[in-house]
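What follows is a set of notes on a single structure, which appears directly below.
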Amino acid sequence: MLLTGATVLTSLDPVRVAREDVCVVDGRIAASGEGPSRDCSGCLVIPGNVCAHTHLYSALARGMPYALAPPTNFTQILQRIWWRLDRALDEDTIRASALVGGMEALLSGTTTLVDHHASPHAIDGSLDIVEEALRSLGVRSVLCYETSDRDGPERALAGVMENRRFLDRVRREHLALARGMVGAHASFTLSDETLAACCEAAGVYGVGLHIHAAEDSADEVDSLARCGDRVAERLHRAGALDERTLLAHGVHLDDDEITLVRGAGASLAHNARSNMNNSIGRARVAELGPRVSLGTDGIGSDMFEESRAAFLRLREDDSGTGGDWPLRRLAEGAHLAGRAFGEPGLGTLEEGAPADLVVLDYPAPTPVHDGSFAGHWVFGLSSRNVRDVMVAGEWAVLDRRLAKADQQQLAAEALVEAERLWQRLDEIGPHPFEPHGSKGG
Ligand SMILES: [Zn+2]
């Protein structure tokens with residue numbers, strides 16, 4: 001396959017823009033080759049975006065009714081919204097969520113999702129459902145199950161086992177588009193025993209732990225009340241903090257914890273829009289160092305929008321933040337996924353890299369080159385420019401439509417499942433779990 005006539009962003013960090021045809025052979029970027037060509041004149045071809053932290057299971061929550069008293073803090077947001085939704089999920093709604101979430105990711109130019117899945121009443125096999133749904137659309141993914149003690153020790157154990165089962169399958173079947181991590185909810189819903197079991201599983205399979213860390217101050221208060229240590233210290237002592245670990249949020253990490261996280265070489269997924277939406281504070285992303293990537297925390301998968309929001313939020317306090325900041329963060333997300341797949345070239349369009357790419361229909365009104373590209377990213381480009389999307393050398397979106405599935409039908413089926421899910425939700429009350437040290441617990 002040959003993509004002709006486009007301007008090509010071959011690398012996000014450092015920015016490299018070239019005017020050359022893109023050649024894809026056996027799912028990879030090649031220096032030369034033959035085959036059918038696709039006219040991309042006047043287009044910009046970029047590496048596929050990576051969302052480093054999301055929750056596909058929340059895809060059917062959009063606009064759902066809410067009749068309880070409004071939450072006044074983060075713990076209540078979990079108790080009254082997300083920990084009701086996840087308990088209402090069954091196999092059909094998990095599948096529908098993954099399908100619509102995957103569809104929206106592709107249509108917005110995101111080719112890889114690092115997902116954190118929870119469905120406490122349908123744990124066993126849930127990651128297979130997500131994997132199969134994403135594979136049917138052609139989305140690359142790094143999956144895990146959100147292990148937690150909040151629904152009791154049996155479900156905590158089932159969470160660990162689901163991670164292990166899926167990692168076993170990844171190892172056995174050499175899945176082309178999916179890898180796994182060990183998922184854990186957050187320090188404040190994990191007993192020492194469950195946390196140890198997660199770390200053990202991560203060690204056995206040679207993968208990292210994917211966990212929310214210090215998202216809200218409640219996580220820190222709980223950890224201090226539980227063991228006298230702050231969250232990062234507790235994770236460190238449990239052996240949960242190394243260069244494979246993916247922490248989400250990290251808003252309330254203090255100086256010592258940031259030093260600890262950086263020293264361990266752990267990754268941190270920054271979720272700017274989610275942080276704003278939940279009023280939990282602002283992550284110290286500049287201090288958290290080079291291993292900061294970007295996630296949406298389930299607010300869709302549009303990384304143009306997410307990276308722009310994160311950038312502007314940062315610029316609000318620091319006009320010295322360069323326009324290349326969002327590009328470096330997205331490159332870091334691709335490195336994270338690349339490590340999971342053993343593909344160091346993921347997130348570039350350089351020779352040998354997996355052919356995960358997006359064709360943007362972008363009539364650039366000003367010159368596009370290495371020095372100007374960041375400006376186009378921050379002030380010009382958006383997911384509305386996405387025309388075609390390729391993952392591992394196969395078209396997943398062509399002319400703004402899914403290439404492997406009927407998107408109208410998929411949305412219509414999701415609508416039916418969403419109504420069913422919303423009805424089930426009505427019967428589920430606020431979750432009784434309280435963190436240590438909270439007023440309620
Ligand atoms: Zn999250």
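Chain identifiers are assigned as A, B, and so on, following the order in which chains appear in the structure tokens; residues are numbered from 1 within each chain, and ligands are numbered from 1 in order of appearance.
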**Item:** Nearby residues (only C-alpha atoms) at most 9 Å from A:Ala269, same-chain spacing under 6 positions excluded, as a list in words
**Value:**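 Close residues of A:Ala269: Cys51, Ala52, His53, Leu246, Leu247, Ala248, His249, Gly250, Arg291, Val292, Ser293, Leu294, Gly295, Thr296 and Gly333 of chain A.
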**Request:** Compute the set of protein, DNA and RNA residues whose minimum atom distance to ligand 1 is at most 10 Å, using only C-alpha atoms and all ligand atoms, and state it as a VMD selection string.
**Result:** chain A and resid 53 to 55 115 to 117 146 185 to 186 210 to 213 215 247 to 249 269 to 271 274 to 275 295 to 299
**Prompt:** Any idea what's packed within 10 Å of A:Leu209, counting only C-alpha atoms, ignoring anything in its chain fewer than 6 positions away? Could you give it as a list of chain:residue names?
**Reply:**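 Counting only C-alpha atoms, the residues come to A:Cys144, A:Gly180, A:Met181, A:Val182, A:Gly183, A:Ala184, A:Leu195, A:Cys198, A:Cys199, A:Ala201, A:Ala202, A:Gly203, A:Ala240, A:Leu241, A:Asp242, A:Glu243, A:Arg244, A:Thr245, A:Leu246, A:Leu247, A:Ala266.
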Could you pull the residues within 12 Å of A:Glu162, counting only C-alpha atoms, minus those fewer than 2 positions along the same chain, as a JSON list (two decimals) with all heavy atoms, in the first residue's frame?
[["chain", "number", "residue", "atom", "x", "y", "z"],
["A", 117, "HIS", "N", -10.46, -1.63, 32.95],
["A", 117, "HIS", "CA", -11.85, -2.10, 32.90],
["A", 117, "HIS", "C", -12.36, -2.56, 34.26],
["A", 117, "HIS", "O", -11.66, -3.25, 34.99],
["A", 117, "HIS", "CB", -11.96, -3.27, 31.91],
["A", 117, "HIS", "CG", -13.32, -3.91, 31.94],
["A", 117, "HIS", "ND1", -14.42, -3.29, 31.40],
["A", 117, "HIS", "CD2", -13.77, -5.07, 32.49],
["A", 117, "HIS", "CE1", -15.49, -4.06, 31.61],
["A", 117, "HIS", "NE2", -15.13, -5.14, 32.27],
["A", 118, "ALA", "N", -13.62, -2.20, 34.58],
["A", 118, "ALA", "CA", -14.26, -2.67, 35.81],
["A", 118, "ALA", "C", -15.68, -3.13, 35.52],
["A", 118, "ALA", "O", -16.45, -2.40, 34.87],
["A", 118, "ALA", "CB", -14.29, -1.56, 36.85],
["A", 119, "SER", "N", -16.02, -4.32, 35.98],
["A", 119, "SER", "CA", -17.41, -4.82, 35.92],
["A", 119, "SER", "C", -17.53, -5.89, 37.01],
["A", 119, "SER", "O", -17.50, -7.08, 36.71],
["A", 119, "SER", "CB", -17.71, -5.41, 34.53],
["A", 119, "SER", "OG", -16.73, -6.37, 34.16],
["A", 120, "PRO", "N", -17.69, -5.45, 38.27],
["A", 120, "PRO", "CA", -17.61, -6.37, 39.41],
["A", 120, "PRO", "C", -18.61, -7.51, 39.40],
["A", 120, "PRO", "O", -18.41, -8.50, 40.08],
["A", 120, "PRO", "CB", -17.87, -5.45, 40.62],
["A", 120, "PRO", "CG", -17.63, -4.07, 40.14],
["A", 120, "PRO", "CD", -17.91, -4.05, 38.69],
["A", 122, "ALA", "N", -19.46, -9.03, 36.53],
["A", 122, "ALA", "CA", -19.16, -9.82, 35.31],
["A", 122, "ALA", "C", -17.66, -9.72, 35.09],
["A", 122, "ALA", "O", -17.19, -9.07, 34.16],
["A", 122, "ALA", "CB", -19.93, -9.28, 34.11],
["A", 123, "ILE", "N", -16.90, -10.35, 35.98],
["A", 123, "ILE", "CA", -15.44, -10.20, 35.95],
["A", 123, "ILE", "C", -14.80, -11.22, 35.00],
["A", 123, "ILE", "O", -14.06, -10.84, 34.08],
["A", 123, "ILE", "CB", -14.84, -10.35, 37.37],
["A", 123, "ILE", "CG1", -15.38, -9.25, 38.29],
["A", 123, "ILE", "CG2", -13.30, -10.29, 37.30],
["A", 123, "ILE", "CD1", -14.94, -9.38, 39.75],
["A", 124, "ASP", "N", -15.12, -12.49, 35.23],
["A", 124, "ASP", "CA", -14.43, -13.56, 34.50],
["A", 124, "ASP", "C", -14.72, -13.47, 33.01],
["A", 124, "ASP", "O", -15.87, -13.51, 32.59],
["A", 124, "ASP", "CB", -14.86, -14.92, 35.06],
["A", 124, "ASP", "CG", -14.06, -16.06, 34.44],
["A", 124, "ASP", "OD1", -12.87, -15.84, 34.13],
["A", 124, "ASP", "OD2", -14.63, -17.14, 34.24],
["A", 125, "GLY", "N", -13.69, -13.34, 32.23],
["A", 125, "GLY", "CA", -13.86, -13.28, 30.77],
["A", 125, "GLY", "C", -14.12, -11.88, 30.24],
["A", 125, "GLY", "O", -14.21, -11.69, 29.02],
["A", 126, "SER", "N", -14.24, -10.89, 31.13],
["A", 126, "SER", "CA", -14.60, -9.54, 30.66],
["A", 126, "SER", "C", -13.53, -8.96, 29.73],
["A", 126, "SER", "O", -13.85, -8.27, 28.76],
["A", 126, "SER", "CB", -14.85, -8.59, 31.84],
["A", 126, "SER", "OG", -13.72, -8.53, 32.69],
["A", 127, "LEU", "N", -12.26, -9.26, 30.00],
["A", 127, "LEU", "CA", -11.21, -8.70, 29.14],
["A", 127, "LEU", "C", -11.23, -9.32, 27.75],
["A", 127, "LEU", "O", -10.87, -8.67, 26.77],
["A", 127, "LEU", "CB", -9.83, -8.87, 29.80],
["A", 127, "LEU", "CG", -9.63, -8.10, 31.11],
["A", 127, "LEU", "CD1", -8.23, -8.34, 31.67],
["A", 127, "LEU", "CD2", -9.87, -6.60, 30.92],
["A", 128, "ASP", "N", -11.69, -10.57, 27.66],
["A", 128, "ASP", "CA", -11.85, -11.18, 26.33],
["A", 128, "ASP", "C", -12.92, -10.45, 25.52],
["A", 128, "ASP", "O", -12.79, -10.28, 24.31],
["A", 128, "ASP", "CB", -12.25, -12.66, 26.45],
["A", 128, "ASP", "CG", -11.11, -13.53, 26.93],
["A", 128, "ASP", "OD1", -9.96, -13.04, 26.99],
["A", 128, "ASP", "OD2", -11.37, -14.70, 27.26],
["A", 129, "ILE", "N", -13.99, -10.06, 26.21],
["A", 129, "ILE", "CA", -15.08, -9.35, 25.51],
["A", 129, "ILE", "C", -14.56, -8.01, 24.97],
["A", 129, "ILE", "O", -14.81, -7.65, 23.82],
["A", 129, "ILE", "CB", -16.27, -9.11, 26.47],
["A", 129, "ILE", "CG1", -16.84, -10.45, 26.93],
["A", 129, "ILE", "CG2", -17.34, -8.27, 25.78],
["A", 129, "ILE", "CD1", -17.92, -10.33, 28.01],
["A", 143, "LEU", "N", -4.84, -3.90, 27.81],
["A", 143, "LEU", "CA", -6.01, -4.06, 28.67],
["A", 143, "LEU", "C", -5.63, -4.54, 30.07],
["A", 143, "LEU", "O", -4.60, -5.17, 30.27],
["A", 143, "LEU", "CB", -6.97, -5.08, 28.04],
["A", 143, "LEU", "CG", -7.40, -4.79, 26.59],
["A", 143, "LEU", "CD1", -8.33, -5.89, 26.09],
["A", 143, "LEU", "CD2", -8.08, -3.43, 26.48],
["A", 144, "CYS", "N", -6.52, -4.25, 31.01],
["A", 144, "CYS", "CA", -6.35, -4.80, 32.36],
["A", 144, "CYS", "C", -7.69, -4.74, 33.08],
["A", 144, "CYS", "O", -8.59, -4.02, 32.67],
["A", 144, "CYS", "CB", -5.30, -4.02, 33.15],
["A", 144, "CYS", "SG", -5.80, -2.36, 33.62],
["A", 145, "TYR", "N", -7.83, -5.53, 34.13],
["A", 145, "TYR", "CA", -9.03, -5.49, 34.95],
["A", 145, "TYR", "C", -8.74, -4.74, 36.24],
["A", 145, "TYR", "O", -7.73, -4.99, 36.91],
["A", 145, "TYR", "CB", -9.56, -6.90, 35.27],
["A", 145, "TYR", "CG", -10.88, -6.77, 36.00],
["A", 145, "TYR", "CD1", -12.06, -6.60, 35.30],
["A", 145, "TYR", "CD2", -10.91, -6.66, 37.39],
["A", 145, "TYR", "CE1", -13.25, -6.36, 35.95],
["A", 145, "TYR", "CE2", -12.10, -6.42, 38.06],
["A", 145, "TYR", "CZ", -13.27, -6.27, 37.33],
["A", 145, "TYR", "OH", -14.45, -6.00, 37.98],
["A", 146, "GLU", "N", -9.66, -3.87, 36.64],
["A", 146, "GLU", "CA", -9.48, -3.00, 37.81],
["A", 146, "GLU", "C", -9.70, -3.77, 39.12],
["A", 146, "GLU", "O", -10.80, -3.73, 39.69],
["A", 146, "GLU", "CB", -10.44, -1.82, 37.70],
["A", 146, "GLU", "CG", -10.35, -0.83, 38.83],
["A", 146, "GLU", "CD", -11.41, 0.26, 38.72],
["A", 146, "GLU", "OE1", -11.29, 1.10, 37.81],
["A", 146, "GLU", "OE2", -12.34, 0.29, 39.53],
["A", 147, "THR", "N", -8.68, -4.45, 39.62],
["A", 147, "THR", "CA", -8.79, -5.20, 40.87],
["A", 147, "THR", "C", -9.07, -4.25, 42.03],
["A", 147, "THR", "O", -8.47, -3.18, 42.12],
["A", 147, "THR", "CB", -7.46, -5.93, 41.15],
["A", 147, "THR", "OG1", -7.14, -6.72, 40.01],
["A", 147, "THR", "CG2", -7.57, -6.80, 42.38],
["A", 155, "ARG", "N", -14.40, -10.84, 45.04],
["A", 155, "ARG", "CA", -14.29, -10.12, 43.77],
["A", 155, "ARG", "C", -12.88, -9.55, 43.59],
["A", 155, "ARG", "O", -12.42, -9.37, 42.46],
["A", 155, "ARG", "CB", -15.36, -9.04, 43.66],
["A", 155, "ARG", "CG", -16.75, -9.64, 43.51],
["A", 155, "ARG", "CD", -17.78, -8.65, 43.00],
["A", 155, "ARG", "NE", -18.97, -9.36, 42.54],
["A", 155, "ARG", "CZ", -20.01, -9.66, 43.31],
["A", 155, "ARG", "NH1", -20.04, -9.28, 44.57],
["A", 155, "ARG", "NH2", -21.03, -10.32, 42.81],
["A", 156, "ALA", "N", -12.20, -9.25, 44.70],
["A", 156, "ALA", "CA", -10.80, -8.81, 44.60],
["A", 156, "ALA", "C", -9.97, -9.93, 43.99],
["A", 156, "ALA", "O", -9.18, -9.72, 43.05],
["A", 156, "ALA", "CB", -10.27, -8.42, 45.97],
["A", 157, "LEU", "N", -10.17, -11.12, 44.50],
["A", 157, "LEU", "CA", -9.43, -12.28, 44.00],
["A", 157, "LEU", "C", -9.79, -12.54, 42.53],
["A", 157, "LEU", "O", -8.93, -12.82, 41.70],
["A", 157, "LEU", "CB", -9.73, -13.51, 44.86],
["A", 157, "LEU", "CG", -9.00, -14.79, 44.46],
["A", 157, "LEU", "CD1", -7.49, -14.61, 44.60],
["A", 157, "LEU", "CD2", -9.46, -15.97, 45.30],
["A", 158, "ALA", "N", -11.09, -12.43, 42.24],
["A", 158, "ALA", "CA", -11.53, -12.65, 40.85],
["A", 158, "ALA", "C", -10.89, -11.63, 39.91],
["A", 158, "ALA", "O", -10.57, -11.94, 38.75],
["A", 158, "ALA", "CB", -13.06, -12.56, 40.76],
["A", 159, "GLY", "N", -10.67, -10.41, 40.41],
["A", 159, "GLY", "CA", -10.00, -9.38, 39.60],
["A", 159, "GLY", "C", -8.57, -9.77, 39.28],
["A", 159, "GLY", "O", -8.12, -9.67, 38.14],
["A", 160, "VAL", "N", -7.86, -10.23, 40.30],
["A", 160, "VAL", "CA", -6.48, -10.67, 40.09],
["A", 160, "VAL", "C", -6.46, -11.82, 39.07],
["A", 160, "VAL", "O", -5.66, -11.83, 38.13],
["A", 160, "VAL", "CB", -5.83, -11.14, 41.41],
["A", 160, "VAL", "CG1", -4.43, -11.69, 41.16],
["A", 160, "VAL", "CG2", -5.77, -9.98, 42.41],
["A", 164, "ARG", "N", -4.65, -12.29, 35.38],
["A", 164, "ARG", "CA", -3.73, -13.40, 35.12],
["A", 164, "ARG", "C", -4.21, -14.24, 33.93],
["A", 164, "ARG", "O", -3.43, -14.63, 33.08],
["A", 164, "ARG", "CB", -3.59, -14.29, 36.36],
["A", 164, "ARG", "CG", -2.93, -13.58, 37.53],
["A", 164, "ARG", "CD", -2.70, -14.53, 38.69],
["A", 164, "ARG", "NE", -1.58, -15.41, 38.41],
["A", 164, "ARG", "CZ", -0.48, -15.51, 39.16],
["A", 164, "ARG", "NH1", -0.36, -14.79, 40.25],
["A", 164, "ARG", "NH2", 0.48, -16.33, 38.83],
["A", 165, "ARG", "N", -5.52, -14.50, 33.91],
["A", 165, "ARG", "CA", -6.09, -15.31, 32.82],
["A", 165, "ARG", "C", -5.83, -14.64, 31.47],
["A", 165, "ARG", "O", -5.42, -15.28, 30.51],
["A", 165, "ARG", "CB", -7.60, -15.48, 33.05],
["A", 165, "ARG", "CG", -8.28, -16.52, 32.18],
["A", 165, "ARG", "CD", -9.79, -16.35, 32.21],
["A", 165, "ARG", "NE", -10.20, -15.01, 31.74],
["A", 165, "ARG", "CZ", -10.15, -14.62, 30.48],
["A", 165, "ARG", "NH1", -9.75, -15.43, 29.53],
["A", 165, "ARG", "NH2", -10.50, -13.38, 30.14],
["A", 166, "PHE", "N", -6.07, -13.32, 31.43],
["A", 166, "PHE", "CA", -5.91, -12.62, 30.16],
["A", 166, "PHE", "C", -4.43, -12.55, 29.75],
["A", 166, "PHE", "O", -4.09, -12.73, 28.58],
["A", 166, "PHE", "CB", -6.51, -11.21, 30.23],
["A", 166, "PHE", "CG", -6.49, -10.49, 28.91],
["A", 166, "PHE", "CD1", -7.32, -10.90, 27.87],
["A", 166, "PHE", "CD2", -5.62, -9.43, 28.69],
["A", 166, "PHE", "CE1", -7.29, -10.26, 26.64],
["A", 166, "PHE", "CE2", -5.59, -8.79, 27.46],
["A", 166, "PHE", "CZ", -6.42, -9.20, 26.43],
["A", 167, "LEU", "N", -3.57, -12.29, 30.72],
["A", 167, "LEU", "CA", -2.13, -12.23, 30.41],
["A", 167, "LEU", "C", -1.63, -13.59, 29.92],
["A", 167, "LEU", "O", -0.78, -13.67, 29.03],
["A", 167, "LEU", "CB", -1.35, -11.77, 31.65],
["A", 167, "LEU", "CG", -1.49, -10.27, 31.95],
["A", 167, "LEU", "CD1", -1.08, -9.97, 33.38],
["A", 167, "LEU", "CD2", -0.67, -9.45, 30.96],
["A", 168, "ASP", "N", -2.19, -14.63, 30.48],
["A", 168, "ASP", "CA", -1.87, -15.97, 30.04],
["A", 168, "ASP", "C", -2.28, -16.16, 28.59],
["A", 168, "ASP", "O", -1.55, -16.73, 27.78],
["A", 168, "ASP", "CB", -2.65, -16.96, 30.93],
["A", 168, "ASP", "CG", -1.86, -18.21, 31.20],
["A", 168, "ASP", "OD1", -0.65, -18.10, 31.47],
["A", 168, "ASP", "OD2", -2.47, -19.29, 31.12],
["A", 169, "ARG", "N", -3.46, -15.66, 28.27],
["A", 169, "ARG", "CA", -3.97, -15.79, 26.90],
["A", 169, "ARG", "C", -3.13, -14.98, 25.91],
["A", 169, "ARG", "O", -2.82, -15.43, 24.81],
["A", 169, "ARG", "CB", -5.43, -15.31, 26.87],
["A", 169, "ARG", "CG", -6.08, -15.58, 25.56],
["A", 169, "ARG", "CD", -7.54, -15.20, 25.49],
["A", 169, "ARG", "NE", -7.81, -14.94, 24.08],
["A", 169, "ARG", "CZ", -8.44, -13.88, 23.62],
["A", 169, "ARG", "NH1", -8.95, -12.99, 24.45],
["A", 169, "ARG", "NH2", -8.61, -13.70, 22.34],
["A", 180, "GLY", "N", -1.52, -6.95, 27.75],
["A", 180, "GLY", "CA", -2.15, -6.76, 29.05],
["A", 180, "GLY", "C", -1.22, -6.12, 30.05],
["A", 180, "GLY", "O", 0.01, -6.09, 29.88],
["A", 181, "MET", "N", -1.84, -5.57, 31.07],
["A", 181, "MET", "CA", -1.11, -5.14, 32.26],
["A", 181, "MET", "C", -1.89, -5.75, 33.44],
["A", 181, "MET", "O", -2.92, -6.40, 33.22],
["A", 181, "MET", "CB", -1.09, -3.61, 32.39],
["A", 181, "MET", "CG", -0.33, -2.91, 31.29],
["A", 181, "MET", "SD", -0.27, -1.10, 31.48],
["A", 181, "MET", "CE", 1.04, -0.91, 32.70],
["A", 182, "VAL", "N", -1.42, -5.53, 34.66],
["A", 182, "VAL", "CA", -2.22, -5.93, 35.81],
["A", 182, "VAL", "C", -2.92, -4.69, 36.32],
["A", 182, "VAL", "O", -2.27, -3.70, 36.67],
["A", 182, "VAL", "CB", -1.36, -6.56, 36.92],
["A", 182, "VAL", "CG1", -2.19, -6.79, 38.17],
["A", 182, "VAL", "CG2", -0.78, -7.89, 36.43],
["A", 183, "GLY", "N", -4.25, -4.72, 36.33],
["A", 183, "GLY", "CA", -5.01, -3.55, 36.74],
["A", 183, "GLY", "C", -5.35, -3.57, 38.22],
["A", 183, "GLY", "O", -5.66, -4.63, 38.77],
["A", 184, "ALA", "N", -5.28, -2.42, 38.83],
["A", 184, "ALA", "CA", -5.70, -2.28, 40.22],
["A", 184, "ALA", "C", -6.38, -0.93, 40.34],
["A", 184, "ALA", "O", -5.98, 0.03, 39.67],
["A", 184, "ALA", "CB", -4.50, -2.37, 41.15],
["A", 198, "CYS", "N", -1.51, -8.51, 43.24],
["A", 198, "CYS", "CA", -1.37, -7.79, 41.95],
["A", 198, "CYS", "C", 0.10, -7.71, 41.55],
["A", 198, "CYS", "O", 0.46, -7.93, 40.40],
["A", 198, "CYS", "CB", -1.97, -6.39, 42.05],
["A", 198, "CYS", "SG", -3.76, -6.36, 42.15],
["A", 201, "ALA", "N", 1.41, -11.00, 40.37],
["A", 201, "ALA", "CA", 0.96, -11.31, 39.00],
["A", 201, "ALA", "C", 1.78, -10.51, 37.98],
["A", 201, "ALA", "O", 2.19, -11.04, 36.94],
["A", 201, "ALA", "CB", -0.53, -11.00, 38.85]]
Mind the document's chain letters and residue numbers, and return as a compact mmCIF listing (two decimals) with all heavy atoms, in the first residue's frame the residues of stretch 111-172 of chain A that DSSP labels strand (DSSP E).
# COMPACT_ATOMS: atom_id res chain seq x y z
N THR A 111 -5.54 5.26 17.73
CA THR A 111 -5.36 3.88 17.26
C THR A 111 -5.05 2.91 18.39
O THR A 111 -5.21 1.71 18.22
CB THR A 111 -4.22 3.81 16.22
OG1 THR A 111 -3.06 4.45 16.77
CG2 THR A 111 -4.61 4.51 14.93
N THR A 112 -4.57 3.44 19.53
CA THR A 112 -4.26 2.57 20.67
C THR A 112 -4.94 3.09 21.93
O THR A 112 -4.85 4.27 22.26
CB THR A 112 -2.74 2.49 20.93
OG1 THR A 112 -2.09 1.97 19.78
CG2 THR A 112 -2.42 1.60 22.13
N LEU A 113 -5.59 2.15 22.65
CA LEU A 113 -6.23 2.49 23.92
C LEU A 113 -5.58 1.70 25.04
O LEU A 113 -5.46 0.47 24.95
CB LEU A 113 -7.73 2.15 23.87
CG LEU A 113 -8.57 2.91 22.85
CD1 LEU A 113 -9.99 2.34 22.81
CD2 LEU A 113 -8.60 4.39 23.19
N VAL A 114 -5.17 2.40 26.10
CA VAL A 114 -4.70 1.73 27.31
C VAL A 114 -5.89 1.79 28.27
O VAL A 114 -6.19 2.84 28.83
CB VAL A 114 -3.45 2.43 27.89
CG1 VAL A 114 -2.97 1.69 29.13
CG2 VAL A 114 -2.34 2.49 26.84
N ASP A 115 -6.57 0.64 28.39
CA ASP A 115 -7.87 0.65 29.07
C ASP A 115 -7.79 0.04 30.47
O ASP A 115 -6.96 -0.81 30.76
CB ASP A 115 -8.88 -0.15 28.23
CG ASP A 115 -10.30 0.00 28.77
OD1 ASP A 115 -10.78 1.16 28.80
OD2 ASP A 115 -10.92 -1.00 29.19
N ARG A 140 -5.88 -1.11 18.42
CA ARG A 140 -4.81 -1.69 19.23
C ARG A 140 -5.09 -1.36 20.70
O ARG A 140 -5.56 -0.27 21.01
CB ARG A 140 -3.46 -1.06 18.79
CG ARG A 140 -2.23 -1.75 19.34
CD ARG A 140 -0.97 -1.00 18.92
NE ARG A 140 -0.66 -1.11 17.50
CZ ARG A 140 0.00 -2.13 16.93
NH1 ARG A 140 0.40 -3.13 17.68
NH2 ARG A 140 0.26 -2.13 15.64
N SER A 141 -4.79 -2.31 21.61
CA SER A 141 -5.13 -2.04 23.00
C SER A 141 -4.18 -2.69 23.99
O SER A 141 -3.53 -3.70 23.70
CB SER A 141 -6.56 -2.54 23.30
OG SER A 141 -6.64 -3.94 23.11
N VAL A 142 -4.09 -2.06 25.16
CA VAL A 142 -3.39 -2.62 26.31
C VAL A 142 -4.43 -2.68 27.42
O VAL A 142 -4.89 -1.64 27.90
CB VAL A 142 -2.19 -1.75 26.74
CG1 VAL A 142 -1.46 -2.39 27.91
CG2 VAL A 142 -1.23 -1.52 25.57
N LEU A 143 -4.84 -3.90 27.81
CA LEU A 143 -6.01 -4.06 28.67
C LEU A 143 -5.63 -4.54 30.07
O LEU A 143 -4.60 -5.17 30.27
CB LEU A 143 -6.97 -5.08 28.04
CG LEU A 143 -7.40 -4.79 26.59
CD1 LEU A 143 -8.33 -5.89 26.09
CD2 LEU A 143 -8.08 -3.43 26.48
**Request:** Find the residues near stretch 423-436 of chain A: any atom within 9 Å, counting only C-alpha atoms, skip ones fewer than 2 places away on the same chain, and give them as a ChimeraX atom specification.
**Result:** /A:65-68,75-76,78-81,83-85,87-89,150-151,188-189,218-219,221-226,418-421,438-441
**Prompt:** Could you name the residues that touch A:Leu357 at 8 Å or less, counting only C-alpha atoms, but leaving out those on the same chain fewer than 4 positions away, as a ChimeraX atom specification?
**Reply:** /A:45-48,111,349,389-391
Could you save those same residues with C-alpha atoms as an mmCIF file, in the first residue's frame?
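Contents of the output file part_23.cif:
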data_model
loop_
_atom_site.group_PDB
_atom_site.id
_atom_site.type_symbol
_atom_site.label_atom_id
_atom_site.label_comp_id
_atom_site.auth_asym_id
_atom_site.auth_seq_id
_atom_site.Cartn_x
_atom_site.Cartn_y
_atom_site.Cartn_z
ATOM 1 C CA VAL A 45 -0.348 11.845 7.659
ATOM 2 C CA ILE A 46 0.498 11.447 11.347
ATOM 3 C CA PRO A 47 1.203 8.512 13.667
ATOM 4 C CA GLY A 48 -1.980 7.148 15.291
ATOM 5 C CA THR A 111 -5.358 3.883 17.263
ATOM 6 C CA LEU A 349 6.169 6.593 10.892
ATOM 7 C CA VAL A 389 -7.101 5.509 9.941
ATOM 8 C CA MET A 390 -4.810 2.513 9.569
ATOM 9 C CA VAL A 391 -3.802 0.128 12.354
#
**Request:** Name the residues of stretch 246-316 of chain A that fall into alpha helix (DSSP H) according to DSSP on the backbone, using the chain letters and numbers of this document, as a list in words.
**Result:**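 So the alpha helix (DSSP H) residues in stretch 246-316 of chain A would be Asp255, Asp256, Glu257, Ile258, Thr259, Leu260, Val261, Arg262, Gly263, Ala264, Ala272, Arg273, Ser274, Asn275, Met276, Asn277, Met303, Phe304, Glu305, Glu306, Ser307, Arg308, Ala309, Ala310, Phe311, Leu312, Arg313, Leu314 and Arg315 of chain A.
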Would you mind exporting the chosen residues as an mmCIF file, in the first residue's frame, restricted to C-alpha atoms?
data_model
loop_
_atom_site.group_PDB
_atom_site.id
_atom_site.type_symbol
_atom_site.label_atom_id
_atom_site.label_comp_id
_atom_site.auth_asym_id
_atom_site.auth_seq_id
_atom_site.Cartn_x
_atom_site.Cartn_y
_atom_site.Cartn_z
ATOM 1 C CA ASP A 255 7.559 16.330 46.617
ATOM 2 C CA ASP A 256 8.897 13.105 48.121
ATOM 3 C CA GLU A 257 6.408 10.987 46.201
ATOM 4 C CA ILE A 258 7.260 12.702 42.932
ATOM 5 C CA THR A 259 10.935 11.969 43.619
ATOM 6 C CA LEU A 260 10.035 8.355 44.345
ATOM 7 C CA VAL A 261 7.922 7.982 41.183
ATOM 8 C CA ARG A 262 10.568 9.597 39.005
ATOM 9 C CA GLY A 263 13.341 7.560 40.605
ATOM 10 C CA ALA A 264 11.428 4.362 39.876
ATOM 11 C CA ALA A 272 -6.501 17.012 32.482
ATOM 12 C CA ARG A 273 -10.172 17.142 31.499
ATOM 13 C CA SER A 274 -11.170 14.465 33.993
ATOM 14 C CA ASN A 275 -9.274 16.251 36.771
ATOM 15 C CA MET A 276 -11.117 19.455 35.956
ATOM 16 C CA ASN A 277 -14.465 17.673 35.717
ATOM 17 C CA MET A 303 -6.406 13.085 21.895
ATOM 18 C CA PHE A 304 -6.479 16.288 19.845
ATOM 19 C CA GLU A 305 -9.017 17.658 22.300
ATOM 20 C CA GLU A 306 -7.388 16.128 25.384
ATOM 21 C CA SER A 307 -3.893 17.333 24.529
ATOM 22 C CA ARG A 308 -5.132 20.821 23.741
ATOM 23 C CA ALA A 309 -7.051 21.058 27.024
ATOM 24 C CA ALA A 310 -4.024 19.803 28.957
ATOM 25 C CA PHE A 311 -1.795 22.303 27.173
ATOM 26 C CA LEU A 312 -4.051 25.285 27.774
ATOM 27 C CA ARG A 313 -4.579 24.312 31.415
ATOM 28 C CA LEU A 314 -0.797 24.295 31.822
ATOM 29 C CA ARG A 315 -0.345 27.548 29.923
#
